[in-house]
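With compact mmCIF, N, CA and C atoms inside, this is work.txt:
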# COMPACT_ATOMS: atom_id res chain seq x y z
N MET H 1 2.43 -5.01 22.79
CA MET H 1 1.01 -4.75 22.66
C MET H 1 0.68 -4.30 21.23
N GLY H 2 1.57 -3.52 20.62
CA GLY H 2 1.31 -3.01 19.28
C GLY H 2 1.12 -4.11 18.26
N LYS H 3 2.03 -5.10 18.23
CA LYS H 3 1.93 -6.17 17.24
C LYS H 3 0.67 -7.00 17.46
N GLY H 4 0.31 -7.24 18.72
CA GLY H 4 -0.90 -7.99 19.01
C GLY H 4 -2.14 -7.26 18.55
N THR H 5 -2.19 -5.97 18.76
CA THR H 5 -3.33 -5.17 18.33
C THR H 5 -3.41 -5.12 16.81
N VAL H 6 -2.26 -5.01 16.15
CA VAL H 6 -2.23 -5.02 14.67
C VAL H 6 -2.78 -6.35 14.16
N ARG H 7 -2.41 -7.46 14.80
CA ARG H 7 -2.93 -8.78 14.39
C ARG H 7 -4.45 -8.82 14.55
N GLN H 8 -4.95 -8.26 15.64
CA GLN H 8 -6.39 -8.26 15.88
C GLN H 8 -7.13 -7.41 14.84
N ILE H 9 -6.53 -6.30 14.45
CA ILE H 9 -7.13 -5.47 13.40
C ILE H 9 -7.20 -6.25 12.09
N GLY H 10 -6.15 -6.99 11.77
CA GLY H 10 -6.16 -7.83 10.57
C GLY H 10 -7.22 -8.92 10.66
N PHE H 11 -7.35 -9.51 11.83
CA PHE H 11 -8.36 -10.54 12.05
C PHE H 11 -9.76 -9.95 11.88
N LEU H 12 -9.99 -8.78 12.46
CA LEU H 12 -11.28 -8.12 12.32
C LEU H 12 -11.58 -7.79 10.86
N ALA H 13 -10.57 -7.38 10.11
CA ALA H 13 -10.78 -7.07 8.69
C ALA H 13 -11.27 -8.30 7.93
N ARG H 14 -10.70 -9.47 8.24
CA ARG H 14 -11.15 -10.71 7.59
C ARG H 14 -12.59 -11.06 7.99
N ILE H 15 -12.93 -10.87 9.26
CA ILE H 15 -14.30 -11.16 9.72
C ILE H 15 -15.28 -10.19 9.07
N ILE H 16 -14.91 -8.92 8.96
CA ILE H 16 -15.77 -7.91 8.33
C ILE H 16 -16.02 -8.28 6.87
N LYS H 17 -14.97 -8.71 6.18
CA LYS H 17 -15.11 -9.10 4.77
C LYS H 17 -16.07 -10.28 4.64
N SER H 18 -15.94 -11.25 5.54
CA SER H 18 -16.82 -12.42 5.52
C SER H 18 -18.27 -12.03 5.83
N ALA H 19 -18.47 -11.17 6.83
CA ALA H 19 -19.83 -10.73 7.19
C ALA H 19 -20.46 -9.94 6.06
N THR H 20 -19.65 -9.15 5.36
CA THR H 20 -20.17 -8.36 4.24
C THR H 20 -20.66 -9.29 3.12
N LYS H 21 -19.89 -10.34 2.84
CA LYS H 21 -20.28 -11.29 1.80
C LYS H 21 -21.58 -12.00 2.15
N LYS H 22 -21.79 -12.25 3.45
CA LYS H 22 -22.99 -12.96 3.90
C LYS H 22 -24.18 -12.03 4.07
N GLY H 23 -23.97 -10.73 3.88
CA GLY H 23 -25.07 -9.79 3.97
C GLY H 23 -25.43 -9.39 5.39
N GLY H 24 -24.52 -9.56 6.34
CA GLY H 24 -24.78 -9.20 7.73
C GLY H 24 -24.45 -7.74 7.98
N ALA H 25 -25.33 -6.85 7.56
CA ALA H 25 -25.05 -5.41 7.65
C ALA H 25 -24.83 -4.95 9.10
N GLU H 26 -25.67 -5.40 10.01
CA GLU H 26 -25.54 -4.97 11.41
C GLU H 26 -24.23 -5.48 12.02
N THR H 27 -23.91 -6.73 11.76
CA THR H 27 -22.65 -7.29 12.25
C THR H 27 -21.48 -6.55 11.65
N THR H 28 -21.53 -6.29 10.36
CA THR H 28 -20.46 -5.56 9.68
C THR H 28 -20.27 -4.19 10.31
N ASN H 29 -21.35 -3.48 10.57
CA ASN H 29 -21.26 -2.15 11.18
C ASN H 29 -20.63 -2.20 12.57
N GLN H 30 -21.05 -3.16 13.38
CA GLN H 30 -20.51 -3.28 14.74
C GLN H 30 -19.03 -3.62 14.72
N LEU H 31 -18.64 -4.55 13.85
CA LEU H 31 -17.23 -4.93 13.75
C LEU H 31 -16.38 -3.80 13.20
N THR H 32 -16.92 -3.03 12.27
CA THR H 32 -16.20 -1.87 11.73
C THR H 32 -15.95 -0.84 12.82
N LEU H 33 -16.93 -0.61 13.69
CA LEU H 33 -16.74 0.30 14.82
C LEU H 33 -15.65 -0.21 15.76
N LEU H 34 -15.65 -1.51 16.03
CA LEU H 34 -14.63 -2.10 16.90
C LEU H 34 -13.25 -1.93 16.28
N ARG H 35 -13.15 -2.15 14.98
CA ARG H 35 -11.87 -1.99 14.27
C ARG H 35 -11.38 -0.55 14.39
N LYS H 36 -12.28 0.41 14.24
CA LYS H 36 -11.90 1.82 14.38
C LYS H 36 -11.41 2.14 15.79
N GLU H 37 -12.01 1.52 16.80
CA GLU H 37 -11.57 1.72 18.18
C GLU H 37 -10.14 1.20 18.38
N PHE H 38 -9.86 0.03 17.81
CA PHE H 38 -8.49 -0.51 17.89
C PHE H 38 -7.50 0.41 17.18
N ALA H 39 -7.88 0.92 16.02
CA ALA H 39 -7.01 1.83 15.27
C ALA H 39 -6.76 3.10 16.09
N GLY H 40 -7.79 3.60 16.77
CA GLY H 40 -7.62 4.78 17.63
C GLY H 40 -6.69 4.50 18.79
N LEU H 41 -6.80 3.32 19.36
CA LEU H 41 -5.90 2.93 20.46
C LEU H 41 -4.45 2.90 19.98
N LEU H 42 -4.22 2.37 18.79
CA LEU H 42 -2.87 2.34 18.23
C LEU H 42 -2.32 3.74 18.04
N LYS H 43 -3.17 4.63 17.54
CA LYS H 43 -2.73 6.00 17.29
C LYS H 43 -2.30 6.67 18.60
N GLU H 44 -3.03 6.41 19.68
CA GLU H 44 -2.68 6.95 21.00
C GLU H 44 -1.33 6.43 21.48
N CYS H 45 -0.94 5.26 20.98
CA CYS H 45 0.34 4.64 21.36
C CYS H 45 1.43 4.90 20.33
N SER H 46 1.26 5.94 19.52
CA SER H 46 2.23 6.34 18.49
C SER H 46 2.44 5.30 17.41
N VAL H 47 1.37 4.59 17.07
CA VAL H 47 1.42 3.63 15.96
C VAL H 47 0.59 4.22 14.83
N GLU H 48 1.18 4.25 13.64
CA GLU H 48 0.49 4.81 12.48
C GLU H 48 0.41 3.80 11.35
N ALA H 49 -0.72 3.82 10.66
CA ALA H 49 -0.89 2.99 9.47
C ALA H 49 -0.27 3.71 8.28
N PHE H 50 0.22 2.95 7.31
CA PHE H 50 0.75 3.54 6.09
C PHE H 50 0.44 2.65 4.90
N ASP H 51 0.34 3.26 3.74
CA ASP H 51 0.16 2.52 2.49
C ASP H 51 0.82 3.31 1.37
N TYR H 52 0.76 2.76 0.18
CA TYR H 52 1.38 3.41 -0.97
C TYR H 52 0.37 3.59 -2.08
N ALA H 53 0.43 4.74 -2.72
CA ALA H 53 -0.47 5.05 -3.82
C ALA H 53 -0.07 4.27 -5.06
N PRO H 54 -1.05 3.95 -5.91
CA PRO H 54 -0.72 3.32 -7.19
C PRO H 54 0.25 4.19 -7.97
N GLU H 55 1.11 3.53 -8.71
CA GLU H 55 2.15 4.15 -9.55
C GLU H 55 3.38 4.60 -8.76
N THR H 56 3.42 4.37 -7.45
CA THR H 56 4.61 4.69 -6.67
C THR H 56 5.75 3.79 -7.13
N ILE H 57 6.90 4.37 -7.44
CA ILE H 57 8.07 3.59 -7.84
C ILE H 57 8.71 3.02 -6.58
N VAL H 58 8.97 1.72 -6.61
CA VAL H 58 9.56 1.04 -5.46
C VAL H 58 11.04 1.41 -5.38
N SER H 59 11.42 1.98 -4.25
CA SER H 59 12.82 2.36 -4.03
C SER H 59 13.48 1.35 -3.10
N ALA H 60 14.80 1.41 -3.03
CA ALA H 60 15.54 0.52 -2.13
C ALA H 60 15.12 0.72 -0.68
N ALA H 61 14.85 1.96 -0.30
CA ALA H 61 14.46 2.27 1.08
C ALA H 61 13.10 1.67 1.43
N MET H 62 12.25 1.48 0.44
CA MET H 62 10.90 0.95 0.69
C MET H 62 10.89 -0.55 0.96
N HIS H 63 11.91 -1.26 0.53
CA HIS H 63 11.90 -2.72 0.63
C HIS H 63 11.72 -3.23 2.06
N SER H 64 12.17 -2.49 3.04
CA SER H 64 12.01 -2.94 4.43
C SER H 64 10.59 -2.69 4.94
N ARG H 65 9.78 -1.94 4.18
CA ARG H 65 8.43 -1.59 4.61
C ARG H 65 7.33 -2.25 3.79
N ILE H 66 7.71 -2.99 2.74
CA ILE H 66 6.69 -3.61 1.90
C ILE H 66 6.91 -5.11 1.79
N GLN H 67 5.81 -5.81 1.55
CA GLN H 67 5.85 -7.22 1.21
C GLN H 67 5.10 -7.34 -0.11
N ILE H 68 5.79 -7.76 -1.14
CA ILE H 68 5.18 -7.91 -2.45
C ILE H 68 4.45 -9.24 -2.48
N ILE H 69 3.14 -9.18 -2.71
CA ILE H 69 2.35 -10.41 -2.68
C ILE H 69 1.85 -10.84 -4.05
N GLY H 70 2.13 -10.04 -5.06
CA GLY H 70 1.71 -10.44 -6.40
C GLY H 70 2.11 -9.42 -7.44
N GLY H 71 1.97 -9.86 -8.69
CA GLY H 71 2.31 -9.00 -9.81
C GLY H 71 3.70 -9.31 -10.32
N SER H 72 4.06 -8.64 -11.39
CA SER H 72 5.40 -8.80 -11.95
C SER H 72 5.78 -7.54 -12.71
N THR H 73 7.05 -7.42 -13.01
CA THR H 73 7.53 -6.25 -13.74
C THR H 73 7.98 -6.68 -15.12
N ARG H 74 8.01 -5.73 -16.01
CA ARG H 74 8.52 -5.99 -17.36
C ARG H 74 10.02 -5.73 -17.36
N ASP H 75 10.73 -6.45 -18.19
CA ASP H 75 12.19 -6.27 -18.28
C ASP H 75 12.53 -4.83 -18.60
N GLY H 76 13.47 -4.30 -17.85
CA GLY H 76 13.97 -2.96 -18.09
C GLY H 76 13.12 -1.84 -17.51
N GLU H 77 11.96 -2.15 -16.96
CA GLU H 77 11.11 -1.10 -16.39
C GLU H 77 11.26 -1.09 -14.87
N ARG H 78 11.10 0.09 -14.30
CA ARG H 78 11.17 0.22 -12.85
C ARG H 78 9.93 -0.40 -12.23
N THR H 79 10.11 -0.99 -11.06
CA THR H 79 9.00 -1.62 -10.36
C THR H 79 8.09 -0.55 -9.78
N ARG H 80 6.80 -0.67 -10.08
CA ARG H 80 5.79 0.26 -9.57
C ARG H 80 4.73 -0.51 -8.78
N ILE H 81 4.16 0.16 -7.82
CA ILE H 81 3.08 -0.43 -7.04
C ILE H 81 1.79 -0.22 -7.81
N SER H 82 1.02 -1.31 -7.96
CA SER H 82 -0.29 -1.16 -8.60
C SER H 82 -1.38 -0.98 -7.56
N GLY H 83 -1.13 -1.40 -6.32
CA GLY H 83 -2.11 -1.19 -5.26
C GLY H 83 -1.63 -1.76 -3.93
N THR H 84 -2.16 -1.23 -2.85
CA THR H 84 -1.87 -1.74 -1.52
C THR H 84 -3.03 -2.62 -1.09
N ILE H 85 -2.75 -3.87 -0.77
CA ILE H 85 -3.78 -4.82 -0.36
C ILE H 85 -4.09 -4.66 1.13
N ARG H 86 -3.04 -4.59 1.94
CA ARG H 86 -3.19 -4.35 3.39
C ARG H 86 -2.19 -3.29 3.79
N CYS H 87 -2.64 -2.34 4.58
CA CYS H 87 -1.73 -1.27 5.02
C CYS H 87 -0.70 -1.85 5.99
N GLY H 88 0.38 -1.13 6.14
CA GLY H 88 1.39 -1.47 7.12
C GLY H 88 1.22 -0.62 8.36
N PHE H 89 1.98 -0.95 9.41
CA PHE H 89 1.93 -0.18 10.65
C PHE H 89 3.34 0.10 11.14
N LEU H 90 3.58 1.36 11.56
CA LEU H 90 4.85 1.80 12.12
C LEU H 90 4.64 2.25 13.55
N CYS H 91 5.57 1.89 14.42
CA CYS H 91 5.57 2.40 15.79
C CYS H 91 6.64 3.48 15.85
N LEU H 92 6.23 4.70 16.14
CA LEU H 92 7.12 5.85 16.12
C LEU H 92 7.68 6.11 17.52
N HIS H 93 9.00 6.02 17.65
CA HIS H 93 9.68 6.26 18.93
C HIS H 93 10.53 7.50 18.86
N GLY H 94 10.20 8.42 18.02
CA GLY H 94 11.02 9.60 17.81
C GLY H 94 11.31 9.74 16.33
N ASP H 95 12.06 10.76 15.98
CA ASP H 95 12.32 11.04 14.57
C ASP H 95 13.11 9.95 13.87
N GLU H 96 14.04 9.31 14.57
CA GLU H 96 14.92 8.36 13.91
C GLU H 96 14.69 6.91 14.34
N ASP H 97 13.92 6.69 15.38
CA ASP H 97 13.73 5.35 15.91
C ASP H 97 12.32 4.88 15.58
N THR H 98 12.16 4.17 14.47
CA THR H 98 10.87 3.69 14.02
C THR H 98 10.93 2.18 13.89
N MET H 99 9.89 1.49 14.39
CA MET H 99 9.83 0.04 14.30
C MET H 99 8.65 -0.35 13.41
N ILE H 100 8.88 -1.25 12.49
CA ILE H 100 7.82 -1.73 11.61
C ILE H 100 7.09 -2.87 12.31
N LEU H 101 5.80 -2.66 12.57
CA LEU H 101 5.00 -3.70 13.19
C LEU H 101 4.43 -4.66 12.16
N ARG H 102 4.07 -4.12 10.99
CA ARG H 102 3.62 -4.96 9.89
C ARG H 102 3.96 -4.24 8.59
N LYS H 103 4.52 -4.99 7.65
CA LYS H 103 4.82 -4.42 6.34
C LYS H 103 3.52 -4.24 5.55
N ALA H 104 3.51 -3.25 4.68
CA ALA H 104 2.38 -3.06 3.77
C ALA H 104 2.44 -4.15 2.71
N GLU H 105 1.32 -4.79 2.45
CA GLU H 105 1.25 -5.81 1.41
C GLU H 105 0.81 -5.15 0.12
N VAL H 106 1.64 -5.27 -0.92
CA VAL H 106 1.40 -4.56 -2.17
C VAL H 106 1.44 -5.49 -3.37
N LEU H 107 0.78 -5.04 -4.42
CA LEU H 107 0.88 -5.68 -5.73
C LEU H 107 1.76 -4.77 -6.57
N ILE H 108 2.56 -5.38 -7.43
CA ILE H 108 3.45 -4.59 -8.29
C ILE H 108 3.09 -4.79 -9.75
N LYS H 109 3.63 -3.86 -10.56
CA LYS H 109 3.48 -4.00 -12.01
C LYS H 109 4.71 -3.45 -12.70

Using the file provided, produce a representation of the structure as structure tokens.
Amino acid sequence: MGKGTVRQIGFLARIIKSATKKGGAETTNQLTLLRKEFAGLLKECSVEAFDYAPETIVSAAMHSRIQIIGGSTRDGERTRISGTIRCGFLCLHGDEDTMILRKAEVLIK
């Protein structure tokens, strides 16, 4: 159920972006409320959204939680995140048992 709900939240985000471009303020507001309801449902099921702040240095441990969708690094410099495009989602099953439902999509520099 978690992965399906995460997909629907992503779908709603795309529809909200499209409605915003078309100037549909009422539609945008209604869809935003629906998206918040889905996010609340996920939270009740121990699913949490996560993202990374700009300038975060990418560590080896982070590689399983991020998907790099753009950007590049300079030779000899550590890879840093320039921004999170889409947040990721984790399903928490206890302190040590965590499942990644969706990786955070990030740009690097």

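Of the listed residues (H:Lys17, H:Arg7, H:Lys109, H:Lys36), H:Lys109 comes nearest to H:Gly83; the distances count only N, CA and C atoms.
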
Q | atom CA of H:Leu33 to atom CA of H:Glu105, distance in Å rounded to a single decimal | A | 23.3 Å

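Comparing the minimum interatomic distances between H:Tyr52 and each of H:Leu92, H:Met1, H:Leu12, H:Ile108, counting only C-alpha atoms, we find that H:Ile108 sits nearest.
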
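Between H:Lys3 and the residues H:Thr56, H:Glu96, H:Val47, H:Asn29, the shortest atom-to-atom distance, using only C-alpha atoms, involves H:Val47.
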
Q | Members of stretch 28-106 of chain H assigned helix (DSSP H, G or I) by DSSP, as an MDAnalysis selection string | A | chainID H and resid 28:44 60:64

Q) Which value, in Å to one decimal, gives the distance between atom CA of H:Glu77 and atom N of H:Ser64? A) 19.5 Å

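With all atoms listed in the file as the atoms that count, the minimum distance from H:Glu48 to the choices H:Ala13, H:Leu107, H:Cys91, H:Met99 is reached by H:Cys91.
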
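Between H:Ala39 and the candidates H:Ile68, H:Ile9, H:Ala61, H:Gly23, the tightest atom-to-atom separation, counting only C-alpha atoms, involves H:Ile9.
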
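Within 6.5 Å of the point (-18.9, -4.4, 7.1), and counting only N, CA and C atoms, the protein, DNA and RNA residues are Ile16, Lys17, Ala19, Thr20, Ala25, Thr27, Thr28, Asn29 and Thr32 of chain H.
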
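Here atom CA of H:Ser72 and atom N of H:Gly88 stand 20.3 Å from one another.
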
Q: Using DSSP on the backbone, list every residue of stretch 4-75 of chain H that comes out as strand (DSSP E or B), and give them as a PyMOL selection string.
A: chain H and resi 47-50+57+66-71

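When only C-alpha atoms are used to measure the gap to H:Val106, the shortest distance among H:Thr79, H:Thr73, H:Gln67, H:Ser59 belongs to H:Gln67.
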